[in-house]
>>> print(open('target.tsv').read())   # TSV, C-alpha atoms
chain	number	residue	atom	x	y	z
M	1	MET	CA	0.00	0.00	0.00
M	2	THR	CA	1.40	3.41	-0.93
M	3	ASP	CA	1.82	6.24	1.56
M	4	ALA	CA	-1.09	8.12	0.00
M	5	LYS	CA	-3.38	5.10	0.33
M	6	GLN	CA	-2.27	4.49	3.90
M	7	PHE	CA	-2.80	8.12	4.76
M	8	GLU	CA	-6.24	8.10	3.19
M	9	THR	CA	-7.14	5.13	5.38
M	10	LEU	CA	-5.92	7.00	8.45
M	11	LEU	CA	-7.90	10.05	7.40
M	12	ARG	CA	-11.05	7.97	6.95
M	13	ASN	CA	-10.59	6.34	10.34
M	14	TYR	CA	-10.00	9.53	12.30
M	15	GLN	CA	-11.78	12.29	10.40
M	16	ASP	CA	-14.94	12.09	12.53
M	17	MET	CA	-12.98	12.20	15.78
M	18	VAL	CA	-10.83	15.15	14.65
M	19	PHE	CA	-13.78	17.04	13.23
M	20	SER	CA	-15.86	16.47	16.40
M	21	THR	CA	-13.06	17.74	18.60
M	22	ALA	CA	-12.64	20.89	16.54
M	23	MET	CA	-16.38	21.40	16.05
M	24	ARG	CA	-17.20	21.20	19.75
M	25	LEU	CA	-14.49	23.71	20.57
M	26	VAL	CA	-15.01	26.30	17.82
M	27	ALA	CA	-18.75	25.66	17.25
M	28	ASN	CA	-18.54	26.52	13.58
M	29	THR	CA	-18.67	23.94	10.80
M	30	ALA	CA	-16.51	25.76	8.24
M	31	GLU	CA	-13.84	26.65	10.81
M	32	ALA	CA	-13.86	23.11	12.23
M	33	GLU	CA	-13.40	21.73	8.71
M	34	ASP	CA	-10.43	24.05	8.08
M	35	ILE	CA	-8.88	23.05	11.40
M	36	SER	CA	-9.43	19.35	10.64
M	37	GLN	CA	-7.72	19.74	7.29
M	38	GLU	CA	-4.78	21.49	8.94
M	39	VAL	CA	-4.53	18.69	11.52
M	40	PHE	CA	-4.30	16.07	8.76
M	41	LEU	CA	-1.81	18.12	6.74
M	42	ARG	CA	0.42	18.24	9.81
M	43	ALA	CA	-0.11	14.54	10.33
M	44	PHE	CA	1.00	13.91	6.75
M	45	GLU	CA	4.25	15.80	7.38
M	46	ARG	CA	4.99	13.38	10.22
M	47	PHE	CA	3.39	10.36	8.64
M	48	ASP	CA	6.61	8.34	8.77
M	49	GLU	CA	6.59	8.59	12.56
M	50	LEU	CA	2.83	8.27	13.01
M	51	ALA	CA	2.10	5.38	10.66
M	52	GLY	CA	1.53	2.25	12.66
M	53	ASP	CA	1.85	4.07	15.99
M	54	ALA	CA	-0.94	3.17	18.39
M	55	ARG	CA	-0.86	6.71	19.79
M	56	VAL	CA	-1.80	8.34	16.50
M	57	GLY	CA	-5.36	8.99	17.72
M	58	GLY	CA	-4.10	10.80	20.79
M	59	TRP	CA	-1.66	12.81	18.70
M	60	LEU	CA	-4.41	13.86	16.29
M	61	LYS	CA	-6.72	14.82	19.16
M	62	THR	CA	-4.02	16.88	20.86
M	63	VAL	CA	-3.20	18.73	17.65
M	64	ALA	CA	-6.92	19.31	16.98
M	65	ILE	CA	-7.40	20.77	20.47
M	66	ASN	CA	-4.32	22.98	20.18
M	67	LEU	CA	-5.21	24.28	16.74
M	68	SER	CA	-8.80	24.95	17.80
M	69	LEU	CA	-7.68	26.89	20.86
M	70	ASN	CA	-5.13	28.81	18.79
M	71	HIS	CA	-7.83	29.61	16.28
M	72	LEU	CA	-10.20	30.86	18.97
M	73	SER	CA	-7.60	33.01	20.68
M	74	ARG	CA	-6.25	34.44	17.43
M	75	TYR	CA	-9.37	35.23	15.50
M	76	ARG	CA	-12.45	35.09	17.63
M	77	ALA	CA	-11.46	37.80	20.12
M	78	ARG	CA	-10.96	40.29	17.31
M	79	TRP	CA	-14.36	39.81	15.77
M	80	SER	CA	-16.60	38.81	18.63
M	81	PHE	CA	-16.48	42.32	20.07
M	82	PHE	CA	-18.25	43.64	16.99
M	83	SER	CA	-20.40	40.60	16.28
M	84	GLU	CA	-21.67	40.58	19.85
M	85	ILE	CA	-22.68	44.21	19.58
M	86	LEU	CA	-24.57	43.42	16.40
M	87	HIS	CA	-26.07	40.04	17.20
M	88	ARG	CA	-26.22	39.64	20.94
M	89	ASP	CA	-29.49	38.10	21.95
M	90	PRO	CA	-30.82	39.82	25.08
M	91	ALA	CA	-32.14	36.49	26.33
M	92	GLY	CA	-28.72	35.05	25.46
M	93	GLU	CA	-27.60	32.25	27.66
M	94	GLU	CA	-30.91	32.04	29.44
M	95	ALA	CA	-32.89	30.91	26.41
M	96	GLU	CA	-34.13	27.37	26.76
M	97	ILE	CA	-34.46	25.02	23.83
M	98	GLU	CA	-38.05	24.28	23.13
M	99	PHE	CA	-39.12	20.71	23.68
M	100	ALA	CA	-42.38	19.00	23.11
M	101	ALA	CA	-44.37	17.96	26.14
M	102	PRO	CA	-42.38	15.50	28.26
M	103	THR	CA	-44.80	12.64	27.81
M	104	ASP	CA	-44.66	12.93	24.02
M	105	VAL	CA	-40.89	13.41	24.04
M	106	GLU	CA	-40.38	10.21	26.03
M	107	GLU	CA	-42.11	8.27	23.35
M	108	GLU	CA	-41.21	10.07	20.17
M	109	LEU	CA	-37.71	11.42	20.41
M	110	ALA	CA	-35.02	8.95	19.59
M	111	VAL	CA	-31.67	9.01	21.35
M	112	ALA	CA	-30.16	10.55	18.24
M	113	GLU	CA	-32.53	13.46	18.49
M	114	ARG	CA	-31.67	14.00	22.14
M	115	ARG	CA	-28.01	14.03	21.28
M	116	ARG	CA	-28.61	16.53	18.53
M	117	LEU	CA	-30.27	18.79	21.07
M	118	VAL	CA	-27.31	18.51	23.43
M	119	GLU	CA	-24.96	19.37	20.56
M	120	GLN	CA	-27.15	22.33	19.72
M	121	ALA	CA	-27.24	23.52	23.32
M	122	LEU	CA	-23.47	23.13	23.52
M	123	ARG	CA	-22.94	25.20	20.38
M	124	GLN	CA	-25.11	27.97	21.78
M	125	LEU	CA	-22.88	28.44	24.80
M	126	PRO	CA	-20.46	31.37	24.52
M	127	ASN	CA	-16.82	30.39	23.89
M	128	PRO	CA	-15.51	31.16	27.39
M	129	LEU	CA	-18.07	28.77	28.89
M	130	ARG	CA	-18.15	26.09	26.19
M	131	VAL	CA	-14.40	25.60	25.76
M	132	PRO	CA	-13.52	24.68	29.38
M	133	LEU	CA	-16.68	22.55	29.62
M	134	VAL	CA	-15.74	20.58	26.50
M	135	LEU	CA	-12.14	20.18	27.66
M	136	PHE	CA	-13.34	18.89	31.03
M	137	HIS	CA	-16.19	16.58	30.08
M	138	LEU	CA	-15.33	15.50	26.55
M	139	GLU	CA	-11.56	15.66	26.47
M	140	GLY	CA	-11.11	14.42	30.04
M	141	MET	CA	-8.76	17.20	31.09
M	142	LYS	CA	-8.34	18.21	34.72
M	143	TYR	CA	-9.13	21.71	35.99
M	144	GLU	CA	-5.43	22.46	36.41
M	145	GLU	CA	-4.63	21.32	32.87
M	146	ILE	CA	-7.42	23.45	31.45
M	147	ALA	CA	-6.22	26.48	33.40
M	148	ALA	CA	-2.70	25.99	32.04
M	149	LYS	CA	-3.94	25.41	28.52
M	150	LEU	CA	-6.16	28.49	28.47
M	151	GLY	CA	-3.78	30.67	30.46
M	152	VAL	CA	-6.37	31.56	33.10
M	153	SER	CA	-6.62	30.99	36.83
M	154	LEU	CA	-7.86	27.75	38.33
M	155	GLY	CA	-10.70	29.62	40.02
M	156	LYS	CA	-11.85	31.07	36.74
M	157	VAL	CA	-11.88	27.67	35.08
M	158	LYS	CA	-14.01	26.22	37.88
M	159	THR	CA	-16.39	29.16	37.79
M	160	ASP	CA	-16.72	29.05	33.99
M	161	ILE	CA	-17.35	25.30	33.99
M	162	PHE	CA	-19.95	25.69	36.72
M	163	ARG	CA	-21.64	28.50	34.81
M	164	ALA	CA	-21.52	26.41	31.65
M	165	ARG	CA	-23.21	23.48	33.38
M	166	GLU	CA	-25.86	25.77	34.76
M	167	ALA	CA	-26.46	27.31	31.34
M	168	LEU	CA	-26.65	23.87	29.75
M	169	ARG	CA	-29.12	22.70	32.36
M	170	LYS	CA	-31.28	25.73	31.70
M	171	LYS	CA	-31.15	25.11	27.97
M	172	LEU	CA	-31.89	21.41	28.22
M	173	GLY	CA	-34.44	21.81	30.96
M	174	PRO	CA	-36.05	18.65	32.30
M	175	ARG	CA	-34.54	16.51	29.55
M	176	LEU	CA	-31.25	16.51	31.39
M	177	GLN	CA	-32.70	13.95	33.81
M	178	ASP	CA	-33.25	11.46	30.96
M	179	ASP	CA	-31.24	8.40	30.35
M	180	TRP	CA	-28.84	9.42	27.58
M	181	ARG	CA	-27.66	5.95	26.79
M	182	PRO	CA	-28.92	4.31	23.61
M	183	ARG	CA	-31.91	2.16	24.15
M	184	ALA	CA	-31.67	-1.53	23.44
H	185	MET	CA	-24.28	26.52	45.76
H	186	ASN	CA	-24.62	23.36	47.78
H	187	PRO	CA	-21.62	21.08	47.01
H	188	GLU	CA	-23.90	18.06	46.75
H	189	LEU	CA	-26.12	19.78	44.22
H	190	GLU	CA	-23.03	20.90	42.36
H	191	GLN	CA	-21.77	17.31	42.19
H	192	GLU	CA	-25.16	16.14	41.02
H	193	LEU	CA	-25.12	18.76	38.25
H	194	GLU	CA	-21.61	17.70	37.24
H	195	LYS	CA	-22.79	14.09	36.98
H	196	GLU	CA	-25.86	15.01	34.96
H	197	ILE	CA	-23.95	17.16	32.50
H	198	GLY	CA	-21.13	14.64	32.32
H	199	ARG	CA	-23.60	11.87	31.52
H	200	ALA	CA	-25.25	13.95	28.82
H	201	LEU	CA	-21.98	15.01	27.19
H	202	GLN	CA	-20.03	11.79	27.47
H	203	GLY	CA	-22.84	9.94	25.75
H	204	LEU	CA	-22.32	12.01	22.62
H	205	PRO	CA	-20.87	10.08	19.70
H	206	ASP	CA	-18.43	11.64	17.23
H	207	LEU	CA	-20.00	14.01	14.75
H	208	ALA	CA	-19.80	12.96	11.12
H	209	ALA	CA	-17.09	14.88	9.28
H	210	PRO	CA	-18.30	16.82	6.23
H	211	PRO	CA	-18.16	14.64	3.11
H	212	GLY	CA	-15.78	17.07	1.40
H	213	LEU	CA	-13.09	16.91	4.10
H	214	LEU	CA	-11.41	13.76	2.79
H	215	ARG	CA	-11.35	14.93	-0.84
H	216	ARG	CA	-10.25	18.42	0.12
H	217	THR	CA	-7.41	17.21	2.32
H	218	MET	CA	-6.17	14.65	-0.21
H	219	SER	CA	-6.19	17.21	-3.03
H	220	ALA	CA	-4.31	19.69	-0.81
H	221	LEU	CA	-1.67	17.02	-0.22
H	222	GLN	CA	-1.29	16.24	-3.89
H	223	LYS	CA	-0.90	19.88	-4.83
H	224	PRO	CA	2.78	20.82	-4.43
H	225	ALA	CA	3.52	23.88	-2.35
H	226	PRO	CA	4.42	26.95	-4.46
H	227	TRP	CA	8.19	27.37	-4.87
H	228	ARG	CA	8.15	30.88	-3.48
H	229	VAL	CA	7.22	29.70	0.03
H	230	GLY	CA	10.21	27.35	0.16
H	231	LEU	CA	13.89	28.03	0.79
H	232	TRP	CA	15.80	30.04	-1.82
H	233	THR	CA	17.98	27.00	-2.41
H	234	ASN	CA	14.89	25.00	-3.40
H	235	TRP	CA	13.66	27.52	-5.98
H	236	PRO	CA	13.83	26.49	-9.66
H	237	VAL	CA	17.26	27.18	-11.21
H	238	SER	CA	15.84	29.63	-13.78
H	239	VAL	CA	14.11	31.64	-11.03
H	240	ARG	CA	17.26	31.66	-8.93
H	241	ILE	CA	19.31	32.96	-11.90
H	242	ALA	CA	16.71	35.61	-12.68
H	243	PHE	CA	16.60	36.67	-9.02
H	244	PHE	CA	20.41	36.86	-8.90
H	245	VAL	CA	20.54	38.97	-12.07
H	246	LEU	CA	17.86	41.29	-10.73
H	247	ALA	CA	19.67	41.67	-7.42
H	248	LEU	CA	22.89	42.43	-9.28
H	249	ALA	CA	21.08	44.97	-11.44
H	250	ALA	CA	19.66	46.66	-8.33
H	251	VAL	CA	23.12	46.94	-6.79
H	252	ALA	CA	24.56	48.21	-10.08
H	253	ALA	CA	21.79	50.80	-10.37
H	254	ALA	CA	22.52	51.97	-6.86
H	255	VAL	CA	26.24	52.28	-7.57
H	256	VAL	CA	25.63	54.05	-10.87
H	257	GLY	CA	23.16	56.35	-9.16
H	258	TRP	CA	25.81	57.31	-6.61
H	259	ARG	CA	28.16	58.37	-9.38
H	260	ALA	CA	25.47	59.69	-11.70
H	261	GLY	CA	26.66	63.23	-11.27
H	262	GLU	CA	29.72	62.52	-13.37
H	263	PRO	CA	29.07	63.90	-16.87
H	264	GLY	CA	30.82	61.09	-18.74
H	265	LEU	CA	28.84	58.40	-17.01
H	266	MET	CA	25.54	60.22	-17.55
H	267	ALA	CA	26.30	60.51	-21.25
H	268	ALA	CA	27.08	56.82	-21.40
H	269	ALA	CA	23.88	55.92	-19.64
H	270	GLY	CA	21.97	57.53	-22.47
H	271	HIS	CA	19.08	59.92	-22.56
H	272	GLY	CA	16.45	57.22	-22.00
H	273	LEU	CA	17.90	56.19	-18.64
H	274	ALA	CA	18.59	59.71	-17.50
H	275	PRO	CA	15.36	60.28	-15.51
H	276	VAL	CA	15.68	56.92	-13.72
H	277	VAL	CA	19.33	57.47	-12.92
H	278	SER	CA	18.71	61.00	-11.73
H	279	GLY	CA	15.90	59.72	-9.46
H	280	VAL	CA	18.21	57.17	-7.89
H	281	LYS	CA	20.89	59.84	-7.61
H	282	CYS	CA	18.44	62.12	-5.86
H	283	CYS	CA	17.64	59.43	-3.30
H	284	TRP	CA	21.30	58.75	-2.70
H	285	ASN	CA	21.96	62.48	-2.31
H	286	VAL	CA	19.25	62.76	0.32
H	287	LEU	CA	20.54	59.71	2.19
H	288	GLY	CA	24.09	61.02	1.90
H	289	ALA	CA	23.02	64.42	3.25
H	290	LEU	CA	21.23	62.78	6.17
H	291	ALA	CA	24.21	60.60	6.96
H	292	GLY	CA	26.45	63.67	6.78
H	293	ALA	CA	24.15	65.58	9.09
H	294	VAL	CA	24.13	62.73	11.62
H	295	ALA	CA	27.92	62.48	11.47
H	296	LEU	CA	28.25	66.24	11.92
H	297	ALA	CA	25.82	66.24	14.84
H	298	ALA	CA	27.68	63.35	16.47
H	299	GLU	CA	30.93	65.26	16.05
H	300	HIS	CA	29.61	68.48	17.59
H	301	LEU	CA	27.20	67.15	20.21
H	302	GLY	CA	29.24	64.19	21.32
H	303	LYS	CA	28.60	60.47	21.08
H	304	GLY	CA	26.97	60.35	24.51
H	305	PHE	CA	24.30	62.82	23.49
H	306	MET	CA	23.59	60.98	20.24
H	307	LEU	CA	23.36	57.69	22.10
H	308	ALA	CA	20.92	59.25	24.56
H	309	CYS	CA	18.83	60.49	21.62
H	310	LEU	CA	18.77	57.02	20.12
H	311	VAL	CA	17.75	55.49	23.46
H	312	ALA	CA	15.03	58.13	23.86
H	313	ALA	CA	13.73	57.42	20.35
H	314	ALA	CA	13.71	53.66	21.01
H	315	GLY	CA	11.96	54.28	24.32
H	316	GLY	CA	9.36	56.42	22.59
H	317	CYS	CA	8.68	53.66	20.07
H	318	ALA	CA	8.35	51.11	22.87
H	319	VAL	CA	5.91	53.32	24.78
H	320	CYS	CA	3.81	53.82	21.61
H	321	ALA	CA	3.75	50.08	20.93
H	322	GLY	CA	2.92	49.34	24.57
H	323	CYS	CA	0.11	51.88	24.70
H	324	GLY	CA	-1.29	50.53	21.45
H	325	THR	CA	-1.24	46.97	22.79
H	326	ILE	CA	-2.89	47.98	26.05
H	327	PHE	CA	-5.53	49.94	24.16
H	328	VAL	CA	-6.36	47.03	21.84
H	329	ARG	CA	-6.53	44.55	24.72
H	330	PHE	CA	-8.64	46.91	26.78
H	331	ALA	CA	-10.95	47.65	23.85
H	332	LEU	CA	-11.46	43.98	23.03
H	333	ALA	CA	-11.67	42.70	26.59
H	334	ARG	CA	-15.03	41.66	27.91
H	335	PRO	CA	-15.65	41.79	31.65
H	336	GLY	CA	-15.54	38.44	33.42
H	337	ARG	CA	-14.43	36.51	30.37
H	338	ASN	CA	-11.14	35.06	29.30
H	339	SER	CA	-9.43	35.84	26.06
H	340	LEU	CA	-11.18	33.15	24.03
>>> encode(input="target.tsv", output="structure tokens")
Amino acid sequence: MTDAKQFETLLRNYQDMVFSTAMRLVANTAEAEDISQEVFLRAFERFDELAGDARVGGWLKTVAINLSLNHLSRYRARWSFFSEILHRDPAGEEAEIEFAAPTDVEEELAVAERRRLVEQALRQLPNPLRVPLVLFHLEGMKYEEIAAKLGVSLGKVKTDIFRAREALRKKLGPRLQDDWRPRA
Amino acid sequence: MNPELEQELEKEIGRALQGLPDLAAPPGLLRRTMSALQKPAPWRVGLWTNWPVSVRIAFFVLALAAVAAAVVGWRAGEPGLMAAAGHGLAPVVSGVKCCWNVLGALAGAVALAAEHLGKGFMLACLVAAAGGCAVCAGCGTIFVRFALARPGRNSL
């Protein structure tokens, strides 16, 4: 198998994981796609070392997280000031996603739909709340690691994650109590 | 908030988030990445030593021509040389000469000032100018950070 074929196989195997990591951090499909492409271009440069290495998934995830955080710190701060003036929703973080009546939801909504709603609620969180929350719950990082990664104090990380959980609970409402595991 | 309630909330959110499967990557990602890999990087972003030979030769000739023009411009005041350069090149050569004259005059003025005012004074002026630049850059940075900062939020 040629290098190109091998790399294409790697790309197929890990593209969803890399894209998900970037998407949940930057909350923008086009930006997450650009970041994913950059991750794989970097992987190709080091393909000789990575090919056949069991840690390739971890390497790709780390690079995806780093590039996403770099992207957010480089570009988002410059534009969000203006975009927030123009588009800030007064209800903002307090808005709750509308659900059908609980009894109907229990019967009608599939697990996939519930997950879509969580993804949607996650995307609606502002960056400073979403990023530490994702790093903690989805990337399994500790508070101290997140503080070091984001260059903020430990207290701020804890506060932001707490506020993010609260905001997510408000958005998801009573559905948060549901069993999120797939049904047999 | 009550620590127990806080732990309960952490568990609830953790359960909801950790149950999320990977999102499907856009269908174009694979094709886009593979085509980006197959497309060679443009020569101009690589090292000079990796440029095509023809481009390197052309660049060398151009650099040589620029140096020659500068040297000729410096001596353009000499009547024989001006005549040799021809009437067509005269405006270009005189422009270069003009620039060199200005630079020469400035350099002469600096040398004269250094001679009369002393090296210590000139050094102090240079330090003051550098300090002024640093203060301007620092103020600009502080202003931008302050303007873009949002209360209670990190830099993300």
>>> closest_residue(input="target.tsv", among="M:Ala147, M:Ala51, M:Leu138, M:Ala32", to="chain H", atoms="all atoms listed in the file")
M:Leu138
>>> residues_around(input="target.tsv", residues="H:Thr217", least_positions_apart="4", cutoff="8 Å", atoms="only C-alpha atoms", output="number ranges by chain")
M: 37, 40-41; H: 213, 221
>>> write_last_selection(input="target.tsv", atoms="C-alpha atoms", output="PDB file, keeping the file's coordinate frame")
ATOM      1  CA  GLN M  37      -7.720  19.740   7.290  1.00  0.00           C
ATOM      2  CA  PHE M  40      -4.300  16.070   8.760  1.00  0.00           C
ATOM      3  CA  LEU M  41      -1.810  18.120   6.740  1.00  0.00           C
TER       4      LEU M  41
ATOM      5  CA  LEU H 213     -13.090  16.910   4.100  1.00  0.00           C
ATOM      6  CA  LEU H 221      -1.670  17.020  -0.220  1.00  0.00           C
TER       7      LEU H 221
END
>>> residues_around(input="target.tsv", residues="M:Asp16", least_positions_apart="3", cutoff="9 Å", atoms="all atoms listed in the file", output="ChimeraX atom specification")
/M:11-13,19-21 /H:206-210
>>> closest_residue(input="target.tsv", among="M:Ile146, M:Ala54, M:Ala64, M:Val131", to="chain H", atoms="all atoms listed in the file")
M:Val131
>>> interface_residues(input="target.tsv", of="chain H", to="chain M", cutoff="10 Å", atoms="all atoms listed in the file", output="number ranges by chain")
H: 190, 193-218, 220-222, 328-329, 331-334, 336-340
>>> atom_distance(input="target.tsv", atom1="atom CA of M:Gln124", atom2="atom CA of M:Ile65")
19.2 Å
>>> residues_near_point(input="target.tsv", point="(-2.3, 11.3, 14.3)", cutoff="9 Å", atoms="all atoms listed in the file", output="VMD selection string")
chain M and resid 10 to 11 14 39 to 40 42 to 44 46 to 47 50 to 51 53 55 to 63
>>> axis_aligned_box(input="target.tsv", around="stretch 3-17 of chain M", padding_each_side="6 Å", output="JSON")
{"center_x": -6.6, "center_y": 8.4, "center_z": 7.9, "size_x": 28.8, "size_y": 19.8, "size_z": 27.8}
>>> atom_distance(input="target.tsv", atom1="atom CA of H:Val251", atom2="atom CA of H:Val277")
12.8 Å
>>> closest_residue(input="target.tsv", among="M:Leu117, M:Ala22, M:Arg130, M:Gly52", to="M:Asp3", atoms="all atoms listed in the file")
M:Gly52
>>> atom_distance(input="target.tsv", atom1="atom CA of M:Leu67", atom2="atom CA of M:Ile35")
6.6 Å
